[in-house]
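To be precise, the following lines are entry_10.csv, and they hold CSV, C-alpha atoms.
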chain,number,residue,atom,x,y,z
C,141,MET,CA,8.4,28.8,1.8
C,142,LYS,CA,4.9,29.1,3.2
C,143,LEU,CA,2.6,26.1,2.7
C,144,VAL,CA,-1.1,25.7,3.5
C,145,VAL,CA,-1.5,22.0,4.6
C,146,PHE,CA,-5.1,20.9,4.1
C,147,ALA,CA,-5.1,17.6,5.9
C,148,HIS,CA,-6.1,16.3,9.3
C,149,VAL,CA,-4.0,14.9,12.1
C,150,PRO,CA,-5.2,12.2,14.6
C,151,PRO,CA,-7.7,11.3,15.7
C,152,PRO,CA,-8.8,9.1,13.9
C,153,HIS,CA,-5.5,7.2,14.1
C,154,HIS,CA,-4.3,5.7,10.9
C,155,GLY,CA,-1.2,5.8,8.8
C,156,GLN,CA,-2.1,8.9,6.8
C,157,SER,CA,-3.1,11.1,9.7
C,158,GLN,CA,0.0,10.0,11.7
C,159,MET,CA,2.2,11.0,8.8
C,160,VAL,CA,0.5,14.4,8.5
C,161,LYS,CA,1.2,15.0,12.2
C,162,LEU,CA,4.8,14.0,11.8
C,163,MET,CA,5.2,16.4,8.8
C,164,VAL,CA,3.4,19.3,10.5
C,165,ASP,CA,5.3,18.9,13.8
C,166,GLY,CA,8.6,18.1,12.0
C,167,PHE,CA,8.6,21.2,9.8
C,168,ALA,CA,7.8,23.4,12.7
C,169,ALA,CA,10.6,21.9,14.8
C,170,GLU,CA,13.2,22.2,12.0
C,171,PRO,CA,13.2,25.7,10.4
C,172,SER,CA,16.3,24.7,8.4
C,173,LEU,CA,14.0,22.6,6.2
C,174,GLY,CA,12.6,25.8,4.8
C,175,ILE,CA,8.8,25.1,5.2
C,176,GLN,CA,6.5,27.3,7.2
C,177,VAL,CA,3.2,25.3,7.7
C,178,LEU,CA,-0.1,27.0,7.8
C,179,HIS,CA,-2.3,24.1,8.9
C,180,VAL,CA,-5.9,23.5,8.2
C,181,ASP,CA,-6.8,20.5,10.4
C,182,ALA,CA,-9.5,19.2,8.0
C,183,ARG,CA,-11.0,16.5,10.3
C,184,LEU,CA,-14.3,15.3,9.0
C,185,SER,CA,-14.6,11.9,10.8
C,186,GLU,CA,-15.2,11.3,14.5
C,187,GLY,CA,-13.6,7.8,14.4
C,188,MET,CA,-12.5,5.1,12.0
C,189,SER,CA,-16.0,3.8,11.5
C,190,ASP,CA,-17.1,7.3,10.4
C,191,ILE,CA,-14.5,7.6,7.6
C,192,GLY,CA,-16.2,7.7,4.2
C,193,ALA,CA,-19.7,8.0,5.8
C,194,VAL,CA,-21.9,10.7,4.3
C,195,ARG,CA,-23.3,13.2,6.8
C,196,GLY,CA,-24.7,16.7,6.2
C,197,GLY,CA,-22.5,18.1,8.9
C,198,LYS,CA,-19.4,17.0,7.0
C,199,ILE,CA,-20.2,19.2,4.0
C,200,ARG,CA,-20.8,22.2,6.3
C,201,ALA,CA,-17.5,21.6,8.0
C,202,LEU,CA,-15.6,21.1,4.7
C,203,VAL,CA,-16.8,24.4,3.4
C,204,GLY,CA,-15.6,26.0,6.6
C,205,PHE,CA,-12.1,24.4,6.2
C,206,CYS,CA,-12.0,25.7,2.6
C,207,ARG,CA,-12.7,29.2,3.9
C,208,GLN,CA,-9.9,28.8,6.5
C,209,ALA,CA,-7.5,27.8,3.7
C,210,LEU,CA,-8.4,30.8,1.6
C,211,ARG,CA,-8.1,33.1,4.6
C,212,LEU,CA,-4.6,31.7,5.4
C,213,SER,CA,-3.5,32.2,1.9
C,214,ARG,CA,-4.7,35.8,1.8
C,215,ASP,CA,-3.4,36.8,5.2
C,216,HIS,CA,0.0,35.2,4.8
C,217,GLY,CA,0.6,35.7,1.1
C,218,CYS,CA,0.8,31.9,0.6
C,219,ARG,CA,0.2,30.5,-2.8
C,220,SER,CA,1.3,26.8,-2.2
C,221,LEU,CA,-1.2,24.1,-1.2
C,222,TYR,CA,-0.5,20.6,0.1
C,223,TYR,CA,-3.4,18.1,-0.2
C,224,ILE,CA,-3.9,14.4,0.1
C,225,PRO,CA,-6.1,12.9,-2.7
C,226,SER,CA,-8.8,10.4,-2.0
C,227,PRO,CA,-8.7,6.6,-2.2
C,228,PRO,CA,-11.1,5.1,-4.8
C,229,LYS,CA,-14.3,5.9,-2.8
C,230,ARG,CA,-16.9,8.1,-4.3
C,231,SER,CA,-17.8,10.0,-1.1
C,232,SER,CA,-14.1,10.9,-0.5
C,233,LEU,CA,-13.5,11.7,-4.2
C,234,TYR,CA,-16.5,14.1,-4.3
C,235,ARG,CA,-14.9,15.7,-1.2
C,236,ASP,CA,-11.8,16.3,-3.3
C,237,PHE,CA,-13.9,17.8,-6.1
C,238,LEU,CA,-15.5,20.3,-3.7
C,239,VAL,CA,-12.3,21.3,-2.1
C,240,MET,CA,-10.4,21.8,-5.3
C,241,ALA,CA,-13.3,23.7,-6.9
C,242,LEU,CA,-13.4,26.1,-3.9
C,243,VAL,CA,-9.7,26.7,-3.2
C,244,ARG,CA,-7.4,25.6,-6.0
C,245,TRP,CA,-7.8,28.8,-8.0
C,246,ARG,CA,-6.1,30.6,-5.1
C,247,PHE,CA,-2.8,28.6,-5.3
C,248,ARG,CA,-0.1,28.6,-7.9
C,249,ARG,CA,1.6,25.5,-6.6
C,250,VAL,CA,-0.6,22.5,-5.7
C,251,ILE,CA,1.3,19.5,-4.2
C,252,LEU,CA,-0.7,16.3,-4.1
C,253,HIS,CA,0.7,13.7,-1.7
C,254,TRP,CA,-0.7,10.2,-2.7
C,255,HIS,CA,-0.9,8.1,0.5
C,256,ALA,CA,-3.7,5.7,-0.7
C,257,VAL,CA,-3.4,3.5,-3.8
C,258,GLY,CA,-5.8,2.6,-6.5
C,259,LEU,CA,-7.6,5.8,-7.6
C,260,GLY,CA,-6.0,5.7,-11.0
C,261,ALA,CA,-7.1,2.2,-11.8
C,262,TRP,CA,-10.6,2.9,-10.4
C,263,LEU,CA,-11.0,6.0,-12.6
C,264,GLN,CA,-10.1,4.0,-15.7
C,265,SER,CA,-12.2,0.9,-15.0
C,266,GLU,CA,-15.2,1.9,-12.8
C,267,ALA,CA,-15.7,5.7,-12.8
C,268,TRP,CA,-18.4,7.3,-14.9
C,269,PRO,CA,-17.1,9.5,-17.7
C,270,TRP,CA,-18.1,12.7,-15.9
C,271,GLU,CA,-16.2,11.5,-12.8
C,272,ARG,CA,-13.1,11.0,-14.9
C,273,TRP,CA,-13.6,14.5,-16.4
C,274,LEU,CA,-14.0,16.1,-13.0
C,275,ALA,CA,-10.9,14.2,-11.6
C,276,ARG,CA,-8.8,15.6,-14.5
C,277,ALA,CA,-10.3,19.1,-14.0
C,278,CYS,CA,-9.9,19.2,-10.2
C,279,LEU,CA,-6.8,17.0,-9.5
C,280,GLY,CA,-5.1,17.1,-12.9
C,281,ARG,CA,-1.8,19.0,-13.7
C,282,ALA,CA,-0.7,19.5,-10.2
C,283,TRP,CA,2.6,21.4,-9.7
C,284,ARG,CA,4.0,18.3,-8.1
C,285,ALA,CA,2.8,14.8,-7.1
C,286,ILE,CA,4.5,12.9,-4.3
C,287,VAL,CA,4.2,9.1,-4.1
C,288,LEU,CA,5.4,6.7,-1.4
C,289,ALA,CA,7.1,4.2,-3.7
C,290,GLN,CA,8.0,3.6,-7.3
C,291,SER,CA,5.2,1.1,-7.7
C,292,ASN,CA,2.7,3.8,-6.7
C,293,ARG,CA,3.4,6.2,-9.5
C,294,ALA,CA,0.4,5.2,-11.7
C,295,ASP,CA,-2.2,7.0,-9.7
C,296,ALA,CA,-0.4,10.3,-9.9
C,297,GLU,CA,0.8,10.0,-13.5
C,298,LEU,CA,-2.7,9.3,-14.8
C,299,LEU,CA,-3.6,12.9,-13.9
C,300,ARG,CA,-0.5,14.3,-15.5
C,301,PRO,CA,1.3,16.4,-12.8
C,302,ARG,CA,4.2,18.6,-13.8
C,303,SER,CA,6.5,16.3,-12.0
C,304,VAL,CA,6.5,13.2,-9.7
C,305,ALA,CA,8.7,12.7,-6.6
C,306,VAL,CA,9.1,9.5,-4.7
C,307,VAL,CA,9.4,10.0,-0.9
C,308,GLY,CA,9.0,7.0,1.3
C,309,ASN,CA,7.5,7.2,4.8
C,310,GLY,CA,9.7,7.6,7.9
C,311,ILE,CA,9.0,7.5,11.6
C,312,PRO,CA,10.7,8.6,14.8
C,313,ASP,CA,12.8,5.7,16.1
C,314,PRO,CA,10.4,3.7,18.4
C,315,CYS,CA,13.3,1.6,19.7
C,316,PRO,CA,16.3,4.0,20.2
C,317,ASP,CA,18.1,1.5,22.5
C,318,TYR,CA,17.9,-1.3,20.0
C,319,TRP,CA,21.7,-1.8,19.9
C,320,LYS,CA,21.9,-2.0,23.7
C,321,GLY,CA,20.6,-5.5,24.1
C,322,LEU,CA,17.6,-6.2,21.8
C,323,ASP,CA,20.0,-6.9,18.9
C,324,SER,CA,21.3,-10.0,20.7
C,325,ARG,CA,17.8,-11.4,20.6
C,326,ARG,CA,17.4,-10.8,16.9
C,327,THR,CA,20.2,-13.0,15.6
C,328,ALA,CA,17.8,-15.5,13.9
C,329,VAL,CA,17.7,-17.8,16.9
C,330,ILE,CA,14.4,-18.6,18.6
C,331,ARG,CA,14.9,-19.5,22.3
C,332,GLY,CA,12.5,-22.2,23.5
C,333,ASP,CA,9.8,-24.1,21.6
C,334,VAL,CA,7.2,-21.3,21.2
C,335,VAL,CA,7.5,-18.8,18.4
C,336,ARG,CA,5.7,-15.6,19.4
C,337,VAL,CA,4.0,-14.1,16.4
C,338,LEU,CA,2.5,-10.6,16.4
C,339,PHE,CA,-0.3,-9.1,14.2
C,340,LEU,CA,-0.5,-5.3,14.9
C,341,ALA,CA,-3.0,-3.4,12.6
C,342,HIS,CA,-6.6,-2.4,12.2
C,343,CYS,CA,-8.4,-5.8,12.6
C,344,THR,CA,-10.2,-6.2,9.3
C,345,ARG,CA,-10.4,-9.1,6.9
C,346,ASP,CA,-8.5,-7.3,4.2
C,347,LYS,CA,-5.7,-6.3,6.5
C,348,GLY,CA,-5.3,-10.0,7.0
C,349,VAL,CA,-6.5,-10.7,10.5
C,350,PHE,CA,-8.5,-13.8,9.5
C,351,GLY,CA,-5.7,-15.0,7.3
C,352,ALA,CA,-3.2,-14.5,10.2
C,353,VAL,CA,-5.1,-17.0,12.4
C,354,ASP,CA,-5.4,-19.5,9.6
C,355,ALA,CA,-1.7,-19.2,8.8
C,356,VAL,CA,-0.6,-19.9,12.4
C,357,VAL,CA,-3.0,-22.8,12.7
C,358,ALA,CA,-1.6,-24.3,9.4
C,359,ALA,CA,2.0,-23.7,10.5
C,360,ASN,CA,1.3,-25.5,13.8
C,361,ARG,CA,-0.3,-28.4,12.0
C,362,ASP,CA,2.7,-28.9,9.8
C,363,SER,CA,5.4,-27.7,12.3
C,364,GLN,CA,8.6,-29.6,12.4
C,365,GLY,CA,11.2,-29.8,15.1
C,366,GLY,CA,8.7,-29.2,17.9
C,367,LEU,CA,8.2,-25.5,17.3
C,368,ARG,CA,4.7,-24.1,18.1
C,369,PHE,CA,3.5,-20.7,16.9
C,370,HIS,CA,1.4,-18.5,19.2
C,371,LEU,CA,-0.3,-15.5,17.7
C,372,THR,CA,-1.1,-12.2,19.5
C,373,ILE,CA,-3.7,-10.0,17.7
C,374,ALA,CA,-3.3,-6.3,18.6
C,375,GLY,CA,-5.5,-3.6,17.1
C,376,SER,CA,-9.0,-2.2,16.9
C,377,PHE,CA,-11.9,-3.8,15.1
C,378,LEU,CA,-13.7,-1.3,12.8
C,379,SER,CA,-16.9,-3.4,12.6
C,380,ALA,CA,-18.8,-4.9,15.5
C,381,ALA,CA,-20.1,-7.6,13.2
C,382,GLU,CA,-16.7,-8.5,11.9
C,383,GLU,CA,-15.3,-8.6,15.5
C,384,ALA,CA,-18.0,-11.0,16.6
C,385,GLU,CA,-17.3,-13.2,13.6
C,386,PHE,CA,-13.6,-13.1,14.2
C,387,ARG,CA,-13.9,-14.0,17.9
C,388,GLU,CA,-16.0,-16.9,17.0
C,389,TRP,CA,-13.5,-17.9,14.4
C,390,ALA,CA,-10.6,-17.6,16.7
C,391,GLY,CA,-12.4,-19.5,19.5
C,392,ARG,CA,-12.7,-22.8,17.5
C,393,PRO,CA,-11.2,-26.0,19.0
C,394,GLY,CA,-7.6,-26.2,18.1
C,395,VAL,CA,-7.4,-22.5,17.5
C,396,ALA,CA,-8.1,-20.8,20.8
C,397,ASP,CA,-5.0,-22.2,22.5
C,398,CYS,CA,-2.7,-20.5,20.0
C,399,VAL,CA,-4.4,-17.1,19.5
C,400,GLU,CA,-4.7,-14.2,22.0
C,401,ILE,CA,-6.7,-11.0,21.3
C,402,VAL,CA,-5.4,-8.0,23.3
C,403,GLY,CA,-7.2,-5.1,21.5
C,404,PHE,CA,-5.8,-1.7,20.8
C,405,VAL,CA,-2.4,-1.1,22.3
C,406,ALA,CA,-0.2,2.0,22.6
C,407,GLY,CA,2.7,3.3,24.5
C,408,ALA,CA,4.5,0.9,26.9
C,409,GLU,CA,2.2,-2.1,26.1
C,410,LYS,CA,2.8,-1.7,22.3
C,411,ASP,CA,6.6,-1.4,23.0
C,412,ARG,CA,6.5,-4.6,25.1
C,413,LEU,CA,4.8,-6.6,22.5
C,414,LEU,CA,7.2,-5.5,19.7
C,415,ARG,CA,10.2,-6.3,21.9
C,416,GLU,CA,9.0,-9.7,23.1
C,417,SER,CA,7.6,-11.1,19.9
C,418,ASP,CA,9.7,-13.2,17.6
C,419,LEU,CA,8.0,-12.7,14.2
C,420,PHE,CA,5.6,-10.1,12.7
C,421,LEU,CA,2.7,-11.3,10.6
C,422,PHE,CA,0.8,-8.9,8.3
C,423,PRO,CA,-1.0,-10.7,5.4
C,424,THR,CA,-2.7,-7.7,4.0
C,425,TYR,CA,-4.5,-7.3,0.7
C,426,PHE,CA,-6.2,-4.0,1.6
C,427,ALA,CA,-7.1,-2.4,-1.7
C,428,ASN,CA,-5.8,1.1,-0.8
C,429,GLU,CA,-2.6,0.0,1.0
C,430,GLY,CA,0.1,2.6,0.5
C,431,GLN,CA,3.2,2.1,2.6
C,432,PRO,CA,2.1,0.5,5.9
C,433,LEU,CA,3.8,2.0,9.0
C,434,ASN,CA,3.4,-1.2,11.1
C,435,LEU,CA,5.9,-2.9,8.9
C,436,ILE,CA,8.4,0.0,9.3
C,437,GLU,CA,7.9,-0.2,13.1
C,438,ALA,CA,8.5,-4.0,13.0
C,439,MET,CA,11.7,-3.4,11.1
C,440,ALA,CA,12.8,-0.8,13.7
C,441,TYR,CA,12.5,-3.5,16.4
C,442,GLY,CA,14.4,-6.0,14.2
C,443,LEU,CA,11.3,-8.3,13.9
C,444,PRO,CA,11.4,-10.7,10.9
C,445,CYS,CA,8.3,-10.1,8.9
C,446,VAL,CA,5.9,-12.4,7.1
C,447,THR,CA,3.7,-10.3,4.7
C,448,THR,CA,2.4,-10.1,1.2
C,449,ARG,CA,3.6,-9.2,-2.2
C,450,TRP,CA,1.1,-6.4,-2.3
C,451,ARG,CA,1.4,-2.8,-3.5
C,452,SER,CA,4.7,-1.3,-2.4
C,453,ILE,CA,5.5,-3.9,0.3
C,454,PRO,CA,8.1,-5.9,-1.7
C,455,GLU,CA,10.1,-2.7,-2.0
C,456,TYR,CA,10.8,-2.9,1.8
C,457,PHE,CA,12.7,-6.2,1.4
C,458,PRO,CA,15.5,-7.9,-0.7
C,459,PRO,CA,14.2,-9.7,-3.8
C,460,ASP,CA,14.8,-13.1,-2.3
C,461,TYR,CA,13.3,-12.4,1.1
C,462,PRO,CA,11.6,-15.6,2.3
C,463,GLY,CA,8.7,-13.8,4.2
C,464,LEU,CA,6.9,-12.5,1.1
C,465,CYS,CA,3.7,-14.3,-0.1
C,466,VAL,CA,0.9,-14.1,-2.6
C,467,PRO,CA,-2.1,-12.4,-0.8
C,468,ARG,CA,-4.7,-14.8,0.6
C,469,ASP,CA,-2.5,-17.9,0.2
C,470,VAL,CA,-2.7,-19.5,3.6
C,471,PRO,CA,-0.4,-22.5,2.8
C,472,ALA,CA,2.2,-20.0,1.5
C,473,LEU,CA,1.9,-17.9,4.7
C,474,ALA,CA,2.3,-20.9,6.9
C,475,GLN,CA,5.4,-22.0,4.9
C,476,ALA,CA,6.8,-18.5,5.2
C,477,LEU,CA,6.4,-18.5,9.0
C,478,ARG,CA,8.4,-21.7,9.2
C,479,ALA,CA,10.9,-20.3,6.6
C,480,VAL,CA,11.9,-17.1,8.4
C,481,VAL,CA,12.4,-18.9,11.8
C,482,GLY,CA,16.2,-19.1,12.2
C,483,LYS,CA,16.9,-17.8,8.7
C,484,VAL,CA,16.2,-14.0,8.8
C,485,ASP,CA,18.6,-11.8,10.7
C,486,GLY,CA,16.5,-9.2,12.5
C,487,ASN,CA,19.6,-7.0,12.9
C,488,ALA,CA,19.7,-6.6,9.1
C,489,LEU,CA,16.1,-5.4,9.1
C,490,ARG,CA,16.9,-2.9,11.8
C,491,GLN,CA,19.8,-1.6,9.7
C,492,GLU,CA,17.4,-1.3,6.7
C,493,PHE,CA,15.1,0.8,8.9
C,494,GLU,CA,18.0,3.1,9.9
C,495,ALA,CA,19.1,3.5,6.3
C,496,ARG,CA,15.7,4.1,4.7
C,497,PHE,CA,12.9,4.9,7.1
C,498,THR,CA,14.0,7.4,9.8
C,499,ILE,CA,12.0,10.5,10.3
C,500,GLY,CA,14.9,12.8,9.6
C,501,ALA,CA,15.6,11.4,6.2
C,502,HIS,CA,11.8,11.4,5.4
C,503,LEU,CA,11.4,15.1,6.4
C,504,ARG,CA,14.4,16.2,4.4
C,505,ALA,CA,13.2,14.4,1.3
C,506,LEU,CA,9.7,15.6,1.7
C,507,ALA,CA,10.7,19.2,2.2
C,508,ALA,CA,12.9,19.0,-0.9
C,509,ALA,CA,10.0,17.6,-2.9
C,510,ILE,CA,7.7,20.4,-1.7
C,511,ARG,CA,10.1,23.3,-1.8
C,512,ASP,CA,12.5,22.8,-4.7
C,513,PRO,CA,11.6,23.9,-8.3

What would the structure in this file look like if it were written as structure tokens?
Amino acid sequence: MKLVVFAHVPPPHHGQSQMVKLMVDGFAAEPSLGIQVLHVDARLSEGMSDIGAVRGGKIRALVGFCRQALRLSRDHGCRSLYYIPSPPKRSSLYRDFLVMALVRWRFRRVILHWHAVGLGAWLQSEAWPWERWLARACLGRAWRAIVLAQSNRADAELLRPRSVAVVGNGIPDPCPDYWKGLDSRRTAVIRGDVVRVLFLAHCTRDKGVFGAVDAVVAANRDSQGGLRFHLTIAGSFLSAAEEAEFREWAGRPGVADCVEIVGFVAGAEKDRLLRESDLFLFPTYFANEGQPLNLIEAMAYGLPCVTTRWRSIPEYFPPDYPGLCVPRDVPALAQALRAVVGKVDGNALRQEFEARFTIGAHLRALAAAIRDP
């Protein structure tokens, strides 16, 4: 099956672009999956801070990408289109309207892969009537909608696709030697009196970077048995103003000695942090959170996680998992940090990764959702 993929790969680096690259590269490397990708790398933003910004050059580039998609369809006889709809942001949604108006007529099969969450609720509660009409006209009645989790079906179903498939994310194993030694450090035993906590994400308020600091400070204040929590913040700030506010926040007396800011990490340094940390803290309430890859990475390293009951995140874990909290509840986060120490077996989380979140399983399920009638 030939498939025009209208979606960008990194940069900018975020979960959606990373998953597109994994799909494009994975289908090319595995002909047995039955998908021949014709890729339109529809990159409009120069960096994370440019995403959603309105610039005249973006419209010109977008029209060029649409021409490329039409040309690929004509030259290769391809009538199947893969597209990722917008989060609930007007500038991005209008991009979708333009793309669909220009290219959808050419394709019999339109596959919409919903990575962001919240567009359906936004259309119902905040959109103008004409925006709702355009959304139904441009994005409605797709041949297939693909969502990341059962809890994410509402966005797709509002626009009445022919069918909905649930395909969770998957990643290449970032820790293939896990069972050759790291497993012995993940047996719910913290060695020493310092618990090394890692926050690894884009450093924004709604991803939980401020809440992570407050949770660690609160956990230290109420700590029992002599344990102290030390937080490492890894990731890029998307706003200079928010970074300045955060650094001032994290530099307060009684805070600076338990918080370290290391910035963006990748490669060997990222691997080291994930191996050497004891807990993973991600108190997100990001409105468009789909299925965050950082939690999947943490599970691959057997890191007990403290995170939020937000969007699809509870589907990662057993119903009684002690590290799930109500978003923005700092006392609950602090209590969860203390609760998972010595009580969550990281090896069980690693096994969950192997069972549900590997790249091979993801690509097979995704290919079936795209290809099969």

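Compared by their closest atoms to C:Phe426, and using only C-alpha atoms, the residues C:Ser213, C:Thr344, C:Gln156, C:Asn292 rank with C:Thr344 nearest.
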
**Asked** From the set C:Leu506, C:Leu322, C:Ala479, C:Leu371, which residue has the shortest atom-to-atom contact distance to C:Arg412, counting all atoms listed in the file?
**Response** C:Leu322

**Exercise: stretch 467-474 of chain C partners within 9 Å, all atoms listed in the file, chain neighbours under 2 positions left out, as a list in words** = Gly348, Gly351, Ala352, Asp354, Ala355, Val356, Val357, Ala358, Ala359, Asn360, Asp362, Leu421, Pro423, Thr424, Tyr425, Val446, Thr447, Thr448, Arg449, Trp450, Gly463, Leu464, Cys465, Ala476, Leu477, Arg478 and Ala479 of chain C

**Message:** With distances taken over all atoms listed in the file, which residue among C:Leu238, C:Ile199, C:Leu184, C:Met141 lies nearest C:Arg219?
**Reply:**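 That would be C:Met141, the residue with the smallest distance to C:Arg219.
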
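Pairwise distance (atom CA of C:Leu443, atom CA of C:Asp323) equals 10.1 Å.
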
**Item:** Nearby residues (only C-alpha atoms) at most 9 Å from C:Gly442, same-chain spacing under 3 positions excluded, as a VMD selection string
**Value:** chain C and resid 318 322 to 323 326 415 437 to 439 485 to 491 493

Saved selection, atoms kept: C-alpha atoms, as a PDB file, in the frame of the given file:
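Below is the file part-v9.pdb, written as the result:
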ATOM      1  CA  TYR C 318      17.900  -1.300  20.000  1.00  0.00           C
ATOM      2  CA  LEU C 322      17.600  -6.200  21.800  1.00  0.00           C
ATOM      3  CA  ASP C 323      20.000  -6.900  18.900  1.00  0.00           C
ATOM      4  CA  ARG C 326      17.400 -10.800  16.900  1.00  0.00           C
ATOM      5  CA  ARG C 415      10.200  -6.300  21.900  1.00  0.00           C
ATOM      6  CA  GLU C 437       7.900  -0.200  13.100  1.00  0.00           C
ATOM      7  CA  ALA C 438       8.500  -4.000  13.000  1.00  0.00           C
ATOM      8  CA  MET C 439      11.700  -3.400  11.100  1.00  0.00           C
ATOM      9  CA  ASP C 485      18.600 -11.800  10.700  1.00  0.00           C
ATOM     10  CA  GLY C 486      16.500  -9.200  12.500  1.00  0.00           C
ATOM     11  CA  ASN C 487      19.600  -7.000  12.900  1.00  0.00           C
ATOM     12  CA  ALA C 488      19.700  -6.600   9.100  1.00  0.00           C
ATOM     13  CA  LEU C 489      16.100  -5.400   9.100  1.00  0.00           C
ATOM     14  CA  ARG C 490      16.900  -2.900  11.800  1.00  0.00           C
ATOM     15  CA  GLN C 491      19.800  -1.600   9.700  1.00  0.00           C
ATOM     16  CA  PHE C 493      15.100   0.800   8.900  1.00  0.00           C
TER      17      PHE C 493
END

**Message:** At a cut-off of 7 Å, using only C-alpha atoms, what residues contact C:Val177? Leave out same-chain residues fewer than 5 positions from it and give the result as a PyMOL selection string.
**Reply:** chain C and resi 142-145+164

**Message:** For a cutoff of 9 Å around the file-coordinate point (1.0, 20.5, -10.4), which residues qualify once you count only C-alpha atoms? I'd like the result as a count of residues only.
**Reply:** 16

**Request:** Between C:Ala275, C:Arg293, C:Gly258, C:Pro314, single out the one closest to C:Asp411, counting all atoms listed in the file.
**Result:** C:Pro314

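Counting from atom CA of C:Glu400, the distance to atom CA of C:Leu433 is 22.4 Å.
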
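Across the structure, atom CA of C:Phe497 and atom CA of C:Asn309 are spaced 6.3 Å apart.
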